[in-house]
Structures are given as structure tokens and as C-alpha cells.
$ cat query07.txt   # compact mmCIF, C-alpha atoms
# COMPACT_ATOMS: atom_id res chain seq x y z
CA MET A 1326 63.98 -83.92 104.64
CA ILE A 1327 63.71 -82.82 101.00
CA VAL A 1328 60.57 -80.83 100.17
CA THR A 1329 59.82 -80.22 96.51
CA LYS A 1330 57.21 -77.85 95.10
CA LYS A 1331 53.57 -78.78 95.29
CA ALA A 1332 52.21 -79.91 91.92
CA PRO A 1333 49.33 -77.85 90.47
CA ASN A 1334 46.82 -80.67 90.98
CA GLU A 1335 47.93 -81.65 94.51
CA ASN A 1336 45.92 -80.84 97.61
CA GLY A 1337 47.66 -80.60 100.96
CA ARG A 1338 47.11 -84.24 101.90
CA ALA A 1339 48.40 -85.57 98.57
CA PHE A 1340 51.44 -83.28 98.78
CA ALA A 1341 52.22 -84.42 102.32
CA LEU A 1342 51.78 -88.06 101.35
CA ARG A 1343 54.06 -87.78 98.33
CA THR A 1344 56.70 -85.83 100.25
CA LEU A 1345 56.77 -88.29 103.15
CA ARG A 1346 56.77 -91.29 100.83
CA GLU A 1347 59.70 -89.98 98.76
CA ASN A 1348 61.74 -89.14 101.85
CA ILE A 1349 61.05 -92.54 103.41
CA ILE A 1350 62.08 -94.42 100.25
CA GLU A 1351 65.18 -92.29 99.80
CA THR A 1352 65.95 -92.76 103.55
CA LYS A 1353 66.04 -89.04 104.22
CA LEU A 1354 63.56 -90.17 106.90
CA LYS A 1355 65.36 -93.22 108.25
CA PRO A 1356 63.93 -96.41 109.77
CA GLY A 1357 63.38 -95.75 113.46
CA ASP A 1358 63.18 -91.94 113.15
CA VAL A 1359 60.56 -90.36 115.41
CA LEU A 1360 58.43 -87.76 113.62
CA SER A 1361 56.87 -84.59 114.93
CA GLU A 1362 53.58 -83.78 113.23
CA LYS A 1363 54.08 -80.07 113.86
CA ALA A 1364 57.69 -80.04 112.63
CA LEU A 1365 56.69 -81.88 109.46
CA ALA A 1366 53.81 -79.48 108.86
CA ASP A 1367 56.08 -76.46 109.34
CA GLU A 1368 58.71 -77.88 107.00
CA MET A 1369 56.13 -78.57 104.27
CA GLY A 1370 54.29 -75.28 104.79
CA LEU A 1371 51.04 -77.05 105.67
CA SER A 1372 48.62 -77.22 108.54
CA ARG A 1373 48.81 -80.28 110.76
CA THR A 1374 45.61 -81.86 109.42
CA PRO A 1375 46.87 -82.97 105.97
CA VAL A 1376 50.12 -84.18 107.54
CA ARG A 1377 48.20 -86.21 110.12
CA GLU A 1378 46.02 -87.71 107.37
CA ALA A 1379 49.09 -88.66 105.34
CA LEU A 1380 50.72 -90.30 108.37
CA ILE A 1381 47.57 -92.28 109.07
CA GLN A 1382 47.48 -93.51 105.46
CA LEU A 1383 51.15 -94.51 105.65
CA SER A 1384 50.40 -96.35 108.88
CA THR A 1385 47.87 -98.52 107.01
CA LEU A 1386 50.77 -99.56 104.77
CA GLN A 1387 52.79 -100.40 107.91
CA ILE A 1388 55.55 -98.01 106.90
CA VAL A 1389 54.78 -95.58 109.74
CA GLU A 1390 53.90 -96.47 113.33
CA ILE A 1391 51.54 -94.12 115.18
CA LEU A 1392 52.73 -93.64 118.78
CA PRO A 1393 49.88 -92.49 121.06
CA GLN A 1394 50.70 -89.13 122.66
CA ARG A 1395 54.23 -89.32 121.24
CA GLY A 1396 53.91 -88.71 117.51
CA SER A 1397 54.89 -91.20 114.84
CA LYS A 1398 57.90 -93.34 113.94
CA ILE A 1399 59.27 -94.65 110.65
CA ALA A 1400 58.93 -98.42 110.82
CA LEU A 1401 62.04 -100.57 110.79
CA ILE A 1402 62.47 -102.74 107.71
CA ASP A 1403 60.51 -105.98 108.10
CA MET A 1404 61.81 -108.49 105.55
CA ASN A 1405 58.57 -110.49 105.76
CA ILE A 1406 56.67 -107.47 104.42
CA VAL A 1407 59.39 -106.83 101.84
CA GLU A 1408 59.02 -110.44 100.64
CA GLU A 1409 55.25 -110.10 100.29
CA ALA A 1410 55.54 -106.77 98.47
CA ASN A 1411 58.06 -108.30 96.10
CA PHE A 1412 55.81 -111.32 95.51
CA PHE A 1413 52.93 -109.06 94.48
CA ARG A 1414 55.14 -106.86 92.34
CA MET A 1415 56.71 -109.83 90.57
CA ILE A 1416 53.34 -111.30 89.57
CA MET A 1417 52.22 -107.96 88.16
CA GLU A 1418 55.48 -107.13 86.39
CA ILE A 1419 55.79 -110.52 84.71
CA ALA A 1420 52.27 -110.15 83.31
CA VAL A 1421 52.93 -106.57 82.19
CA ALA A 1422 56.29 -107.42 80.56
CA LYS A 1423 54.67 -110.24 78.61
CA LEU A 1424 51.99 -107.82 77.39
CA ALA A 1425 54.74 -105.38 76.42
CA CYS A 1426 56.27 -108.10 74.24
CA LYS A 1427 53.00 -108.10 72.27
CA LEU A 1428 52.06 -104.42 72.39
CA ALA A 1429 55.28 -102.36 72.27
CA ARG A 1430 55.80 -100.24 69.17
CA GLU A 1431 58.82 -98.52 67.69
CA ASP A 1432 58.25 -95.29 69.64
CA ASP A 1433 58.08 -97.35 72.85
CA TYR A 1434 61.45 -98.95 72.08
CA HIS A 1435 62.87 -95.49 71.46
CA GLU A 1436 61.55 -94.20 74.80
CA LEU A 1437 62.89 -97.20 76.71
CA GLU A 1438 66.29 -96.76 75.08
CA ASN A 1439 66.38 -93.12 76.14
CA ILE A 1440 65.58 -94.08 79.73
CA LEU A 1441 68.28 -96.75 79.76
CA LYS A 1442 70.94 -94.52 78.24
CA LEU A 1443 70.30 -92.04 81.05
CA GLN A 1444 70.61 -94.89 83.55
CA ASP A 1445 73.98 -95.80 82.07
CA PHE A 1446 75.07 -92.20 82.71
CA TYR A 1447 73.64 -92.10 86.25
CA ILE A 1448 75.33 -95.33 87.32
CA GLN A 1449 78.68 -94.26 85.88
CA SER A 1450 78.47 -90.89 87.62
CA ALA A 1451 77.08 -92.40 90.87
CA THR A 1452 74.02 -90.13 90.72
CA LEU A 1453 72.01 -92.50 92.90
CA ASP A 1454 68.85 -90.48 93.49
CA GLN A 1455 68.43 -89.88 89.77
CA LEU A 1456 69.15 -93.55 89.08
CA LEU A 1457 66.38 -94.58 91.48
CA LYS A 1458 63.89 -92.22 89.83
CA SER A 1459 64.90 -93.48 86.39
CA ASP A 1460 64.52 -97.06 87.61
CA ASP A 1461 60.92 -96.24 88.58
CA GLN A 1462 60.39 -94.55 85.22
CA PHE A 1463 61.51 -97.68 83.36
CA HIS A 1464 59.10 -99.96 85.22
CA GLN A 1465 56.27 -97.42 85.00
CA TYR A 1466 56.70 -97.23 81.24
CA LEU A 1467 56.23 -100.99 80.92
CA PHE A 1468 52.86 -100.62 82.65
CA LYS A 1469 52.06 -97.76 80.28
CA ILE A 1470 52.82 -99.93 77.23
CA ALA A 1471 50.50 -102.60 78.64
CA ASN A 1472 47.81 -99.99 79.41
CA LYS A 1473 47.72 -101.05 83.07
CA MET A 1474 48.35 -97.78 84.92
CA LYS A 1475 45.76 -98.50 87.65
CA CYS A 1476 47.70 -101.67 88.36
CA TYR A 1477 50.86 -99.57 88.58
CA GLU A 1478 49.25 -97.44 91.30
CA MET A 1479 48.50 -100.61 93.28
CA VAL A 1480 52.05 -101.86 92.85
CA THR A 1481 53.43 -98.47 93.91
CA ASN A 1482 51.45 -98.51 97.17
CA MET A 1483 52.47 -102.07 97.99
CA SER A 1484 56.11 -101.61 96.97
CA ILE A 1485 57.14 -98.88 99.42
CA HIS A 1486 58.75 -101.49 101.70
CA PHE A 1487 60.59 -103.11 98.79
CA ASP A 1488 61.62 -99.69 97.46
CA ARG A 1489 63.42 -98.82 100.70
CA VAL A 1490 65.59 -101.93 100.36
CA ARG A 1491 66.14 -101.12 96.69
CA ARG A 1492 67.33 -97.62 97.63
CA LEU A 1493 69.69 -98.92 100.30
CA ALA A 1494 71.15 -101.36 97.79
CA LEU A 1495 72.26 -98.46 95.62
CA SER A 1496 74.54 -97.26 98.43
CA ALA A 1497 75.53 -100.57 100.01
CA VAL A 1498 76.27 -102.74 96.96
CA THR A 1499 79.34 -101.93 94.89
CA ASP A 1500 78.57 -104.11 91.85
CA LEU A 1501 75.12 -102.91 90.86
CA LYS A 1502 73.38 -104.88 88.13
CA ILE A 1503 70.06 -103.04 87.84
CA VAL A 1504 70.82 -101.18 84.61
CA GLU A 1505 72.26 -104.31 83.03
CA ASP A 1506 69.05 -106.11 84.07
CA HIS A 1507 66.94 -103.41 82.45
CA TRP A 1508 68.81 -103.75 79.17
CA HIS A 1509 68.16 -107.52 79.21
CA ILE A 1510 64.45 -106.89 79.83
CA TYR A 1511 64.37 -104.33 77.04
CA HIS A 1512 65.99 -106.69 74.50
CA ALA A 1513 63.60 -109.51 75.45
CA ILE A 1514 60.65 -107.18 74.84
CA ARG A 1515 62.11 -105.99 71.56
CA ASN A 1516 62.53 -109.63 70.50
CA HIS A 1517 58.92 -110.41 71.55
CA ASP A 1518 60.29 -113.20 73.74
CA GLU A 1519 57.85 -113.71 76.61
CA LYS A 1520 59.78 -116.65 78.09
CA VAL A 1521 63.05 -114.72 78.30
CA VAL A 1522 61.38 -111.56 79.63
CA GLU A 1523 59.78 -113.58 82.45
CA THR A 1524 63.18 -115.00 83.40
CA GLN A 1525 64.77 -111.54 83.32
CA ILE A 1526 62.02 -109.97 85.48
CA ILE A 1527 62.39 -112.76 88.06
CA ASN A 1528 66.18 -112.36 88.15
CA HIS A 1529 65.87 -108.58 88.43
CA LEU A 1530 63.31 -108.46 91.22
CA ASN A 1531 65.00 -111.25 93.18
CA ARG A 1532 68.35 -109.49 93.09
CA TYR A 1533 67.77 -107.89 96.51
CA HIS A 1534 68.11 -111.40 98.04
CA ILE A 1535 71.69 -111.37 96.78
CA ASP A 1536 72.16 -107.85 98.10
CA GLU A 1537 70.53 -108.36 101.53
CA ALA A 1538 73.72 -109.38 103.34
CA SER A 1539 75.54 -106.26 102.13
CA ILE A 1540 72.62 -104.04 103.05
CA ARG A 1541 72.29 -105.50 106.55
CA GLN A 1542 76.03 -105.16 107.14
CA THR A 1543 75.98 -101.49 106.12
CA TYR A 1544 72.70 -100.56 107.86
CA PRO A 1545 72.21 -103.01 110.75
CA SER A 1546 70.04 -100.63 112.80
CA TYR A 1547 67.47 -100.26 109.98
CA PHE A 1548 66.13 -103.82 110.26
CA LYS A 1549 63.81 -105.59 112.66

$ encode --input "query07.txt" --output "C-alpha cells"
Amino acid sequence: MIVTKKAPNENGRAFALRTLRENIIETKLKPGDVLSEKALADEMGLSRTPVREALIQLSTLQIVEILPQRGSKIALIDMNIVEEANFFRMIMEIAVAKLACKLAREDDYHELENILKLQDFYIQSATLDQLLKSDDQFHQYLFKIANKMKCYEMVTNMSIHFDRVRRLALSAVTDLKIVEDHWHIYHAIRNHDEKVVETQIINHLNRYHIDEASIRQTYPSYFK
């Protein structure tokens, strides 16, 4: 498990939640792994209470299963939940991208270009973890342009199941299209074309359907 430094504004519970979430999405904690509350607390330098609280919160998202008297387990990937998470995310992102077509300014275009140029570098150098973080940054910035950051928090909570599949796709799929998709979305926003940006968002977020066979073949034990 990767443990980063606690942010200045993070309490123990928030730190534990963020650390567990990041490691689950990046599959450092793999589907089916059994977790020890004490071992996690020791690794994060925390008491068991904030770790337990974080695990309980993750269990409400159905990403962790609480095993009575036995600890906890990372849930296997349930494609029904992934589908629902993607449905919610798609509705929100289409609306936000259309708002971005109306609201984006020149400094926003400049920021999006910088993000995408870094993504071009990450995909060419196969820096997958950085590519995933930059992918999140791109989508987050669209919510920022639309002034809908509370909505982004909701999408982030719901998307943890989808994000695991997205992370696995980076390793399992050889012909990745995510950066190319982002450039198409960017150009549609720059052209103020709400119809095209909706089409591009739908194509982008539905891409994991195309990738699912490759992901299942590479990681068969990760799925229900």
C-alpha cells in the first residue's frame, strides 16, 4: 500500500479514507484482498478508530465488505454497480461539459491544454499512475469551469467502482484512447459546440464497454 503525507487540513479519518480510496482505485489493494484494521492503522501511523470509521464509510459505497470477527475485504468488481456509477457520472458530465461550452474563458483553455500536453507525455512514457491522476484533473477542471464542485464531490464518491475499471484498463488495454478522447472534448468546448461535446463525453465514458473483455481476460479473479 502507498501512504502519502497527511494534508494540513486532514484529520485522521479523512486521511485514512483518502489513503484507502487511492489504493483501492490504483489496485494496490486488490479486489478480494482481506484487510487487517490493525495492520492498516500501523501502516498509516494512526489509531484503529479513524481506520475503522473509514472502512465503514467505504462499506456504505459497497467497495469494502465488513466481515464480522474477521476484518474487512475489498469487494470484487460488480459490473452492475459499475454501470450505475457510469450512468450517474455520464449525466453529470454531459451537463457540465455543455456548461463549459458556454462559460470557458481563454485562461481555462490554456489550463486544459497544459493538462492534455502532460497526458500526451504520460501515455507516451507509460507513466500510468500519473496519467490516471491527470485524467481526474481534466474532468475535475470541467466541473470547476461550470462552478459545480459540490457535484464533483458526489460524482467522485459514486465513481469509485468505475474508477477501478478505468485504472485496470490502463494496464490491460494496449491501444488507449483516453487522451485522444480528451482532446476531442477540449476542441468541442473551445468551439462552443454542445452537441459535439455531448457525443464525445458519451463515447469517452462508454469506452470501458469496449475494454471490458480485455480487462476480464487480464484480471479474471477481480470480477464477481

$ closest_atom_pairs --input "query07.txt" --of "range 1448-1469 of chain A" --to "range 1408-1426 of chain A" --cutoff "12 Å" --atoms "all atoms listed in the file" --output "tab-separated table"
residue	atom	partner	partner_atom	distance
A:Phe1463	CA	A:Ala1422	CA	11.4
A:His1464	CA	A:Glu1418	CA	8.1
A:Gln1465	CA	A:Glu1418	CA	9.8
A:Tyr1466	CA	A:Ala1425	CA	9.7
A:Leu1467	CA	A:Ala1422	CA	6.4
A:Phe1468	CA	A:Val1421	CA	6.0
A:Lys1469	CA	A:Ala1425	CA	9.0

$ residues_around --input "query07.txt" --residues "Ser1459 in chain A" --least-positions-apart "5" --cutoff "8 Å" --atoms "all atoms listed in the file" --output "CSV table (one decimal) with C-alpha atoms, in the coordinates of the input"
chain,number,residue,atom,x,y,z
A,1440,ILE,CA,65.6,-94.1,79.7
A,1443,LEU,CA,70.3,-92.0,81.0
A,1444,GLN,CA,70.6,-94.9,83.6

$ atom_distance --input "query07.txt" --atom1 "CA of Ala1451 in chain A" --atom2 "CA of Met1483 in chain A"
27.4 Å

$ closest_residue --input "query07.txt" --among "A:Ser1397, A:Arg1489, A:Glu1436, A:Gln1455" --to "Gly1357 in chain A" --atoms "all atoms listed in the file"
A:Ser1397

$ residues_around --input "query07.txt" --residues "range 1374-1380 of chain A" --least-positions-apart "2" --cutoff "6 Å" --atoms "all atoms listed in the file" --output "number ranges by chain"
A: 1337-1338, 1341-1342, 1372, 1382-1383

$ closest_residue --input "query07.txt" --among "A:Glu1478, A:Glu1519, A:Asp1367, A:Glu1537" --to "Arg1491 in chain A" --atoms "only C-alpha atoms"
A:Glu1537

$ closest_residue --input "query07.txt" --among "A:Lys1331, A:Arg1430, A:Asn1439, A:Asp1454" --to "Ala1471 in chain A" --atoms "only C-alpha atoms"
A:Arg1430

$ residues_around --input "query07.txt" --residues "Leu1456 in chain A" --least-positions-apart "2" --cutoff "12 Å" --atoms "all atoms listed in the file" --output "ChimeraX atom specification"
/A:1351,1440-1454,1458-1463,1491-1492,1494-1496,1501,1503-1504

$ closest_residue --input "query07.txt" --among "A:Val1389, A:Leu1371, A:Val1328, A:Ala1400" --to "Pro1356 in chain A" --atoms "all atoms listed in the file"
A:Ala1400

$ atom_distance --input "query07.txt" --atom1 "CA of Ala1366 in chain A" --atom2 "CA of Ile1349 in chain A"
15.9 Å

$ atom_distance --input "query07.txt" --atom1 "CA of Ser1546 in chain A" --atom2 "CA of Lys1502 in chain A"
25.3 Å

$ residues_near_point --input "query07.txt" --point "(59.9, -106.1, 105.0)" --cutoff "10 Å" --atoms "only C-alpha atoms" --output "ChimeraX atom specification"
/A:1387-1388,1400-1411,1484-1487,1489-1490,1548-1549

$ closest_residue --input "query07.txt" --among "A:Lys1427, A:Arg1395, A:His1534, A:Arg1343" --to "Ala1513 in chain A" --atoms "all atoms listed in the file"
A:Lys1427

$ closest_residue --input "query07.txt" --among "A:Arg1515, A:Arg1541, A:His1529, A:Lys1520" --to "Glu1438 in chain A" --atoms "only C-alpha atoms"
A:Arg1515

$ residues_around --input "query07.txt" --residues "Tyr1511 in chain A" --least-positions-apart "3" --cutoff "8 Å" --atoms "all atoms listed in the file" --output "list in words"
Tyr1434, Leu1437, His1507, Trp1508, Ile1514 and Arg1515 of chain A

$ build_atoms --input "query07.txt" --residues "range 1406-1418 of chain A" --atoms "N, CA and C atoms" --output "PDB file, keeping the file's coordinate frame"
ATOM      1  N   ILE A1406      57.506-108.366 105.231  1.00  0.00           N
ATOM      2  CA  ILE A1406      56.670-107.470 104.420  1.00  0.00           C
ATOM      3  C   ILE A1406      57.340-107.201 103.075  1.00  0.00           C
ATOM      4  N   VAL A1407      58.652-107.041 103.096  1.00  0.00           N
ATOM      5  CA  VAL A1407      59.390-106.830 101.840  1.00  0.00           C
ATOM      6  C   VAL A1407      59.171-108.022 100.906  1.00  0.00           C
ATOM      7  N   GLU A1408      59.232-109.231 101.447  1.00  0.00           N
ATOM      8  CA  GLU A1408      59.020-110.440 100.640  1.00  0.00           C
ATOM      9  C   GLU A1408      57.627-110.440 100.018  1.00  0.00           C
ATOM     10  N   GLU A1409      56.621-110.083 100.806  1.00  0.00           N
ATOM     11  CA  GLU A1409      55.250-110.100 100.290  1.00  0.00           C
ATOM     12  C   GLU A1409      55.064-109.023  99.228  1.00  0.00           C
ATOM     13  N   ALA A1410      55.627-107.847  99.462  1.00  0.00           N
ATOM     14  CA  ALA A1410      55.540-106.770  98.470  1.00  0.00           C
ATOM     15  C   ALA A1410      56.210-107.186  97.176  1.00  0.00           C
ATOM     16  N   ASN A1411      57.352-107.859  97.295  1.00  0.00           N
ATOM     17  CA  ASN A1411      58.060-108.300  96.100  1.00  0.00           C
ATOM     18  C   ASN A1411      57.288-109.393  95.372  1.00  0.00           C
ATOM     19  N   PHE A1412      56.631-110.270  96.115  1.00  0.00           N
ATOM     20  CA  PHE A1412      55.810-111.320  95.510  1.00  0.00           C
ATOM     21  C   PHE A1412      54.704-110.709  94.660  1.00  0.00           C
ATOM     22  N   PHE A1413      54.007-109.718  95.213  1.00  0.00           N
ATOM     23  CA  PHE A1413      52.930-109.060  94.480  1.00  0.00           C
ATOM     24  C   PHE A1413      53.473-108.331  93.259  1.00  0.00           C
ATOM     25  N   ARG A1414      54.561-107.611  93.447  1.00  0.00           N
ATOM     26  CA  ARG A1414      55.140-106.860  92.340  1.00  0.00           C
ATOM     27  C   ARG A1414      55.595-107.790  91.218  1.00  0.00           C
ATOM     28  N   MET A1415      56.194-108.928  91.590  1.00  0.00           N
ATOM     29  CA  MET A1415      56.710-109.830  90.570  1.00  0.00           C
ATOM     30  C   MET A1415      55.581-110.391  89.699  1.00  0.00           C
ATOM     31  N   ILE A1416      54.486-110.788  90.329  1.00  0.00           N
ATOM     32  CA  ILE A1416      53.340-111.300  89.570  1.00  0.00           C
ATOM     33  C   ILE A1416      52.865-110.260  88.570  1.00  0.00           C
ATOM     34  N   MET A1417      52.716-109.023  89.023  1.00  0.00           N
ATOM     35  CA  MET A1417      52.220-107.960  88.160  1.00  0.00           C
ATOM     36  C   MET A1417      53.216-107.633  87.046  1.00  0.00           C
ATOM     37  N   GLU A1418      54.500-107.549  87.389  1.00  0.00           N
ATOM     38  CA  GLU A1418      55.480-107.130  86.390  1.00  0.00           C
ATOM     39  C   GLU A1418      55.727-108.198  85.336  1.00  0.00           C
TER      40      GLU A1418
END
